Amino acid sequence: MGAPSLVWLRLDLRLEDHAALSAAVVRGDGVIFLFVFPPKEDQAWLGGAAPRWWLHHSLAELAASIAKRGGQLILRRGDAAEQVAQVARQCDADTVYCHRIIDRDEESRLSRVRAALEDAGMRLRVFAPNLLATPEAVMNRAGGPFKVFTPFHNAARQVHVAGPIPAPARLGGPGKAMTSLSLEDLELLPRHNWAGGLGARWTPGEAGARRRLEAFLDGPVARYPEDRDVPGVEGTARISPHLHFGEVGARTLFHEAVRRTEASRKGGALQGGEAWLRQLYWREFAHHLLFHFPRLVEEPMRVEFAAFPWRDDAGLLEAWQRGRTGYPMVDAGMRELWHTGWMHNRVRMIAASFLVKHLLQPWQAGAAWFMDTLVDADLANNTLGWQWTAGCGPDAAPYFRVFNPSLQGMRFDPDGIYVRRWVPELSGLDAKQIHAPGGPPPGSDYPSPLVEHAGARQRALLAYAKVRGNKTI
DNA sequence: TGAAATGTTGGGGCG
DNA sequence: ACGCCCCAACATTTC
């Protein structure tokens with residue numbers, strides 16, 4: 001028996017369509033899995049409390065299915081280079097297999113892991129991130145990255161999406177038993193059990209991801225073009241956290257959507273499938289951009305925005321975080337986020353626009369809150385989403401586009417279902433009162449508006465006028 | 001993947 | 001009958 005292979009797990013917590021695993025398995029000398037929980041200074045890619053909760057349960061699920069196939073998952077915490085090299089040495093591996101992630105520090109991180117392995121005579125093999133196409137495969141005529149979605153989308157759709165690789169039937173046991181931390185040792189769960197709402201809503205893990213996908217493609221996908229913008233209806237796939245943690249491959253989503261919406265032969269399903277795939281390519285766009293411009297995590301793409309007159313007011317930020325802005329659509333969204341670790345995409349845009357434009361808080365503060373509280377906290381999607389909202393990103397909403405939360409409420413929550421679900425203070429009102437332009441009538445517990453819409457809009461326009469320009473990095 | 005301000009048009013009330 | 005005005009409805013421009 002030769003040296004076993006070590007699969008270093010990251011945002012690829014699945015067994016199906018796992019290129020690194022498949023490459024390790026064909027070696028035939030046994031596979032050992034490793035997950036390394038990073039130290040504080042390397043947690044930007046992971047996010048905060050909500051994604052940690054998800055990670056805990058996802059790792060538990062994966063460990064069980066690995067064990068079922070005769071394999072073993074080792075858990076460690078600490079510096080990636082140190083831990084990967086140490087475990088690889090202990091299990092006598094000669095090669096470590098992993099997938100790249102899209103993150104500000106990935107280049108230097110992988111370099112250090114590779115160096116640590118090579119020092120000990122071992123190799124690192126890095127496979128493509130969980131995307132439909134590699135960033136190198138989608139370039140403009142000048143050989144550079146696209147900075148506008150539509151041309152990116154046109155070019156990316158020309159790139160063949162490989163069919164997913166089946167999960168290996170048997171993993172082959174390791175040569176010897178390895179010591180591992182317990183899942184509890186990673187301390188991923190919150191000290192106070194605030195996560196009850198998350199557990200009621202979500203089933204982390206590869207099987208849960210598969211069920212979500214099937215349930216969506218079995219029905220709601222046909223009405224996706226209309227329902228995707230209505231937060232009171234479950235019209236979206238809600239698969240983002242599964243996809244983020246790599247419990248399902250992007251290529252699986254692509255091929256299942258194509259296969260099943262074409263097989264249904266109903267126009268609605270086909271159109272819905274296409275509209276949904278387009279969203280998958282927005283994710284693709286964000287990841288490719290962050291791959292090419294890792295600085296976007298902190299810096300606006302449009303450099304003139306560095307001079308934007310943000311207000312930095314902790315009180316305003318906290319009112320927004322707690323869902324106490326006095327604007328029902330914003331507050332409903334922020335409370336849905338707090339209770340479920342997720343927010344409907346339409347409402348993300350409304351709530352984000354409100355923080356940045358009505359309250360003039362820096363987009364980075366909103367992005368940080370989302371990274372802490374969203375179970376699908378994804379550095380690329382989140383960063384580009386916030387830059388889009390603030391108007392400082394590539395192909396962003398123009399700076400003068402200010403959402404009117406009342407209008408958005410009337411348009412996308414016409415019956416008030418969504419607001420009443422998340423803002424109990426308003427549950428006795430009808431939709432007309434809830435979304436009235438002047439806001440709901442003053443209520444017992446419901447806060448009065450932090451700012452008045454028309455005035456806040458004018459103030460935002462004035463602030464943006466100061467940085468108006470068109471320069472990019 | 002907006003909203004508000006401004007411009008245009010056409011129907012109908014009315015002197 | 002005619003022209004004038006009002007204003008809703010729609011279109012265009014601007015932020």
# chains A, B, ... in the order shown; residues from 1 in each chain; ligands from 1
>>> interface_residues(of="chain B", to="chain A", cutoff="12 Å", atoms="only C-alpha atoms (C1' of nucleotides)", output="MDAnalysis selection string")
chainID B and resid 1:4
>>> write_last_selection(atoms="N, CA and C atoms (P, O5', C5', C4', C3', O3' and C1' of nucleotides)", output="tab-separated table (two decimals), in the first residue's frame")
chain	number	residue	atom	x	y	z
B	1	DT	P	-33.20	45.45	-15.29
B	1	DT	O5'	-33.03	45.97	-13.75
B	1	DT	C5'	-34.24	46.02	-13.09
B	1	DT	C4'	-33.95	45.83	-11.64
B	1	DT	C3'	-33.03	46.91	-11.10
B	1	DT	O3'	-33.67	47.87	-10.32
B	1	DT	C1'	-32.52	44.77	-10.23
B	2	DG	P	-34.83	47.97	-9.21
B	2	DG	O5'	-34.11	49.39	-9.28
B	2	DG	C5'	-34.85	50.44	-9.76
B	2	DG	C4'	-35.20	51.32	-8.57
B	2	DG	C3'	-36.68	51.63	-8.49
B	2	DG	O3'	-36.93	52.02	-7.15
B	2	DG	C1'	-35.49	53.50	-9.32
B	3	DA	P	-38.40	52.52	-6.73
B	3	DA	O5'	-38.28	54.09	-6.95
B	3	DA	C5'	-37.37	54.79	-6.11
B	3	DA	C4'	-37.50	56.26	-6.34
B	3	DA	C3'	-38.92	56.82	-6.34
B	3	DA	O3'	-38.88	57.90	-5.47
B	3	DA	C1'	-37.78	57.49	-8.30
B	4	DA	P	-40.13	58.83	-5.19
B	4	DA	O5'	-39.76	60.10	-6.09
B	4	DA	C5'	-38.60	60.84	-5.75
B	4	DA	C4'	-38.44	61.96	-6.74
B	4	DA	C3'	-39.65	62.87	-6.89
B	4	DA	O3'	-39.17	64.19	-6.84
B	4	DA	C1'	-39.01	62.08	-9.00
>>> residues_around(residues="segment 1-13 of chain C", least_positions_apart="5", cutoff="12 Å", atoms="only C-alpha atoms (C1' of nucleotides)", output="PDB file with C-alpha atoms (C1' of nucleotides), in the first residue's frame")
ATOM      1  C1'  DA B   4     -39.007  62.078  -9.005  1.00  0.00           C
ATOM      2  C1'  DA B   5     -39.380  65.925 -11.961  1.00  0.00           C
ATOM      3  C1'  DT B   6     -40.658  67.538 -16.199  1.00  0.00           C
ATOM      4  C1'  DG B   7     -42.855  67.255 -20.702  1.00  0.00           C
ATOM      5  C1'  DT B   8     -46.636  65.737 -23.820  1.00  0.00           C
ATOM      6  C1'  DT B   9     -51.089  64.359 -25.131  1.00  0.00           C
ATOM      7  C1'  DG B  10     -55.835  63.837 -25.385  1.00  0.00           C
ATOM      8  C1'  DG B  11     -60.501  63.552 -23.390  1.00  0.00           C
ATOM      9  C1'  DG B  12     -63.992  66.029 -21.387  1.00  0.00           C
ATOM     10  C1'  DG B  13     -66.150  69.872 -18.715  1.00  0.00           C
ATOM     11  C1'  DC B  14     -67.552  74.277 -19.445  1.00  0.00           C
ATOM     12  C1'  DG B  15     -68.313  79.027 -20.885  1.00  0.00           C
TER      13       DG B  15
END
>>> select_by_dssp(residues="segment 188-410 of chain A", states="helix (DSSP H, G or I)", output="VMD selection string")
chain A and resid 196 to 201 206 to 218 220 to 227 240 to 244 250 to 264 267 to 292 294 to 297 303 to 307 314 to 321 328 to 340 345 to 358 363 to 373 379 to 390 405 to 410
>>> atom_distance(atom1="atom CA of Phe146 of chain A", atom2="atom CA of His244 of chain A")
22.7 Å
>>> closest_residue(among="A:Ser264, A:Ser448, A:Gln458, A:Gln158", to="chain C", atoms="only C-alpha atoms (C1' of nucleotides)")
A:Gln458
>>> residues_around(residues="segment 36-44 of chain A", least_positions_apart="6", cutoff="7 Å", atoms="only C-alpha atoms (C1' of nucleotides)", output="ChimeraX atom specification")
/A:75-80,186
>>> write_last_selection(atoms="N, CA and C atoms", output="PDB file, in the first residue's frame")
ATOM      1  N   LEU A  75     -10.423  17.005  12.304  1.00  0.00           N
ATOM      2  CA  LEU A  75     -10.683  18.417  12.558  1.00  0.00           C
ATOM      3  C   LEU A  75      -9.499  19.025  13.293  1.00  0.00           C
ATOM      4  N   ARG A  76      -9.109  20.195  12.862  1.00  0.00           N
ATOM      5  CA  ARG A  76      -8.028  20.910  13.534  1.00  0.00           C
ATOM      6  C   ARG A  76      -8.394  22.377  13.619  1.00  0.00           C
ATOM      7  N   ARG A  77      -7.683  23.113  14.432  1.00  0.00           N
ATOM      8  CA  ARG A  77      -7.794  24.568  14.374  1.00  0.00           C
ATOM      9  C   ARG A  77      -6.403  25.160  14.384  1.00  0.00           C
ATOM     10  N   GLY A  78      -6.288  26.325  13.739  1.00  0.00           N
ATOM     11  CA  GLY A  78      -4.994  26.978  13.679  1.00  0.00           C
ATOM     12  C   GLY A  78      -4.638  27.422  12.278  1.00  0.00           C
ATOM     13  N   ASP A  79      -3.370  27.786  12.118  1.00  0.00           N
ATOM     14  CA  ASP A  79      -2.873  28.270  10.834  1.00  0.00           C
ATOM     15  C   ASP A  79      -2.946  27.163   9.784  1.00  0.00           C
ATOM     16  N   ALA A  80      -3.457  27.512   8.608  1.00  0.00           N
ATOM     17  CA  ALA A  80      -3.685  26.503   7.575  1.00  0.00           C
ATOM     18  C   ALA A  80      -2.384  25.794   7.197  1.00  0.00           C
ATOM     19  N   LEU A 186     -14.225  22.869  18.142  1.00  0.00           N
ATOM     20  CA  LEU A 186     -14.093  24.007  17.225  1.00  0.00           C
ATOM     21  C   LEU A 186     -14.878  25.220  17.722  1.00  0.00           C
TER      22      LEU A 186
END
>>> decode(residues="chain C", atoms="C-alpha atoms (C1' of nucleotides)", output="PDB file, in the first residue's frame")
ATOM      1  C1'  DA C   1     -69.697  74.341 -32.320  1.00  0.00           C
ATOM      2  C1'  DC C   2     -65.569  75.951 -30.668  1.00  0.00           C
ATOM      3  C1'  DG C   3     -61.697  77.015 -27.893  1.00  0.00           C
ATOM      4  C1'  DC C   4     -59.879  77.063 -23.436  1.00  0.00           C
ATOM      5  C1'  DC C   5     -58.458  74.869 -19.415  1.00  0.00           C
ATOM      6  C1'  DC C   6     -57.757  71.083 -16.283  1.00  0.00           C
ATOM      7  C1'  DC C   7     -55.717  67.011 -15.323  1.00  0.00           C
ATOM      8  C1'  DA C   8     -54.990  62.122 -15.662  1.00  0.00           C
ATOM      9  C1'  DA C   9     -52.155  59.097 -18.174  1.00  0.00           C
ATOM     10  C1'  DC C  10     -48.243  58.227 -20.326  1.00  0.00           C
ATOM     11  C1'  DA C  11     -43.415  59.377 -22.000  1.00  0.00           C
ATOM     12  C1'  DT C  12     -39.010  61.470 -21.347  1.00  0.00           C
ATOM     13  C1'  DT C  13     -35.447  63.484 -18.740  1.00  0.00           C
ATOM     14  C1'  DT C  14     -32.913  64.179 -14.723  1.00  0.00           C
ATOM     15  C1'  DC C  15     -31.029  63.003 -10.374  1.00  0.00           C
TER      16       DC C  15
END
